[in-house]
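Data block below; observations after.
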2 protein chains.
Amino acid sequence: MSKHGKLKIIPLGGLGEVGKNMTAYEFDHQILVVDAGIMFPKNDMIGVDYIIPDYEYLRNRADNVIGLVITHGHEDHIGAVHHFLTDIPVPVYATPLTRGLIEVKLARNGATAHAGIHTIEAGKSIELGPFKVEFFHICHSIPDAVGLGITTPAGLVVHMSDFKFDHTPVDGWPTDYGKLAEFAGRGVDLLLSDSTNAERPGWTPSEMIIGPAFDKVFSEAKGRIIVATFASLISRVQQVADAAAKLGRRMALAGPSMIDNVKIARKLGYLDIPDELLIPLDEALHMQDHKVVLMCTGSQGEPSSIVGRLSAGTNRQFDLKTGDTVVLSSHPIPGNEESISKTINRLLRRGAIVINDSIAPIHVSGHASQEELKLLLNLVRPKHFLPIHGELRQLTRHADMAKMVGIPAENVIVVENGQTVELQGKKIKLGERIPGQYIFVDGQSIGEVDEDIMREREQLSRGGIFLIDLSIDKHSGRLLHEPEIITRGFVSPEEAEQLIPEARQRVMEIVNSRGLNNEKDIVSAVKSYLREETNRKPMVFVTLSRA
Amino acid sequence: MSKHGKLKIIPLGGLGEVGKNMTAYEFDHQILVVDAGIMFPKNDMIGVDYIIPDYEYLRNRADNVIGLVITHGHEDHIGAVHHFLTDIPVPVYATPLTRGLIEVKLARNGATAHAGIHTIEAGKSIELGPFKVEFFHICHSIPDAVGLGITTPAGLVVHMSDFKFDHTPVDGWPTDYGKLAEFAGRGVDLLLSDSTNAERPGWTPSEMIIGPAFDKVFSEAKGRIIVATFASLISRVQQVADAAAKLGRRMALAGPSMIDNVKIARKLGYLDIPDELLIPLDEALHMQDHKVVLMCTGSQGEPSSIVGRLSAGTNRQFDLKTGDTVVLSSHPIPGNEESISKTINRLLRRGAIVINDSIAPIHVSGHASQEELKLLLNLVRPKHFLPIHGELRQLTRHADMAKMVGIPAENVIVVENGQTVELQGKKIKLGERIPGQYIFVDGQSIGEVDEDIMREREQLSRGGIFLIDLSIDKHSGRLLHEPEIITRGFVSPEEAEQLIPEARQRVMEIVNSRGLNNEKDIVSAVKSYLREETNRKPMVFVTLSRA
């Protein structure tokens, strides 16, 4: 291990978002992994439940991986822990709340951290092979989040995962500015920092503004209040509990993930909710409407969430009532706008009053905006800068800001997932390219839905299918009877009836004139006939039965 | 025709957006139609090109329709004119620019306005059956837009289509506040008004702010400038031309719709672009990079647009160069965020500098925000209010504002498409419900893709297909050979190979034990086997050949 050894930085996962769900650091064949999260599929990823980073590079070097450090307990940072530990059973390092949330997740997936989970703390450090990792507190929309100062023989790296500079956070514990300044004093060779809001001017509002907004909404509500947010947005649960207590309402939780997460956060002391405030859902459903607040998931309009089901009238435990106030306490994740709008319209149609973040400030972002990002750069004064947690569009903006505050352009590097970066001799450069794609998880199968299958699914969905079944006499090679045709997702049954006789005719002509081994000709003749008549392109199949 | 007759207001089309693409007014069996536009499909409307309102109610009363009045020349107001006039050949009334754009559209679709197009003018009026229609100028992101004052024996209705209160519009012609006040003096019985931005606080910025933003972007660009916007955003073309002239660049247009629209707008005097400024694309492609601005479509990331093709490297006439500045001069239409992001990332990857409305104010909305909407309500002081041009979520907000400025709650009515409203004896009430859905236009076929087909397509796209072809001896009823199986969009070929033998086995067991007429049993056995093994649900088909 040379003093002038090479540190390799490996950004992975997160669809186009660089290093979003996983980043690895490799020095002298020893690898430290930061975070193991999931992404939710984009609109065109049909039939995919969620997406995990393709960590093939790490799997092929599983023996070299010495630990997994988790920065905070959100899904996009812990959601793939059970997949990861199954492949690479290393010790996990996390703060108490993050650890609790990981344990809930492992238990739910029947997985175990065979090499153990170690509790770490902001202000403390650990040594892992060539890495000394110092943890420091950062604010985010979940308590107990940490940033990392990673000292290696190649230099000091500061890794800022999701953060904001909230001076009045819900848990009263602001970001550790002192530690950032201390790193700056020591000399930071490389800063990696969250680019999620790099396109957003100004300063992200404090979580503090949410309290009065909830108070106002709660005091105006005459019926039940239903607050939807992410199950892992622990700080929001505290804010809703505070507003409920103030307005004399009791609070109930709906949905297993919300219930489990709140349970562990209360147990560990990260939520301050008196026992008498929190009641079981069954009890809440039998109370007077103006006496209850229900908290559940579904703020992104997910059809399978509780709010999604309420909007469609398909929720099992309880139904929406006229006069219910539904608070959607989140901001649309890009790509979810349509399903959120659909959900809002449905809730309104069912007589609910709907409050979203365009009506009242009942949500703020958990990520730093431009002025905060520039402040971080000026606090840390890194020699080199690598923006992470964003797509190319956000990374480019973040890189522009770094240059704006004085980091030389040649010391700012923008890469995409799988493009490694090397820090050696206090210089930074592009390293090798490794697999940096993602793996689709669909049902129980991991990674078996690849781009080819997705393409076939899209083709099926654009034009439907047109099946031609031929029965052929194996001796004469002639058709035994007219081709049978089945269509799905193509045209209406009435229109199909009009098209089928002519399609059948064309198939028979080809079979009778050119024989049997012309499946391709049949497909292309039928395709062009259907195209002419309907301007559509179904997938055409021929099945041959010889008898 | 009684003095106290009934005016029926009929909002149609526009997906969830009420009256967005078409609104009709019926009095004494005579029907006046306002606008005939299209909507673009949402993400889950697979294989749909565009959507037109279902005007079955009007088609069934085609003889009663006395005219089609168009408020302005955007696609969502004129895009279905050729469909409409084919079914209901009535005279069309439009201002000069709108008329020009309609004529371009008709010519492009090989359609004719058999009953003629009549030029109308802001400040003038026409009498059509029981309707007196007064046209007045309103500002929008296209010149020559009008609002309508419709006097009927049942009362005076003010119809505000898309508008904003821009005090410094590109064409120097602000909204006719005087006319709105005059209507108020006469007493407006019902106001219909644009709710697009009803969730947006404040006042929409003037188009004026775009000029300096373009000047700055243009002066910083070192290479070519490519500005993408909507082909019908005529005002934006003027602003780009002005900036190009100022910075000594020549301007070329790419794409037939942009070229045609600019041609007609120049001819009619709505664009002031000197001949020497505008050069053919071919010429521009041979000039020095810093001397040209190219204008094209694709600001919404549409894959088939010029910018979409440039980002993918598949544009025929020219390619992107490193150092090109691409200006996306529009704001994402809800639902397009993902495809715009994908396009921006691709453009950046190809070495372009990308400017969107988060970087510089190179776009402003064409629709009034909350303070403008409240001003309109206070200017017009209508007795009744019907918000249009928005989904339920925007209409609800707009209705809240109307109540806020003093319109009694019982005089504010929120409806969805197909829910008619009646004005009679100076009172408003809900009328009959008529078909208010929309028709999908896919390829050359209109309305043949219905919800059932869409559902089948979605099913195909979620799980793919699993085809089982059985050849059966018609005498013995036994299988002639093992079932043949084809899959598409289901699992990888490798995984399919592992699943097929067992699936085949299960099929044969059923056929051999229960005989042939058990297609349903076969399908359900295979489905549950595949579900067990993969947790996926492909569409399963059985084809039977008897020989």
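Ligands are numbered from 1 in the order shown, chains are lettered A, B, ... in the order of the structure tokens, and residues start at 1 in each chain.
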Can you tell me, as a PDB file with C-alpha atoms, in the first residue's frame, what residues are no more than 10 Å from Ala409 in chain B when counting only C-alpha atoms, ignoring any on the same chain fewer than 4 positions away?
```
ATOM      1  CA  HIS B 384     -72.436  33.135 -12.272  1.00  0.00           C
ATOM      2  CA  PHE B 385     -69.080  31.508 -12.819  1.00  0.00           C
ATOM      3  CA  ALA B 399     -63.941  28.171  -8.092  1.00  0.00           C
ATOM      4  CA  ASP B 400     -62.444  28.893  -4.642  1.00  0.00           C
ATOM      5  CA  ALA B 402     -64.394  33.150  -7.428  1.00  0.00           C
ATOM      6  CA  LYS B 403     -65.965  32.654  -4.014  1.00  0.00           C
ATOM      7  CA  MET B 404     -63.087  34.554  -2.443  1.00  0.00           C
ATOM      8  CA  ILE B 413     -70.490  25.625 -10.634  1.00  0.00           C
TER       9      ILE B 413
END
```
Practice task
Would you please give, as a PyMOL selection string, all residues of range 300-502 of chain A that DSSP assigns to helix (DSSP H, G or I) based on the backbone?
Solution key: chain A and resi 306-312+337-349+370-380+392-404+409-411+451-463+493-502
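CA of Ala145 in chain A is positioned 8.2 Å from CA of Phe163 in chain A.
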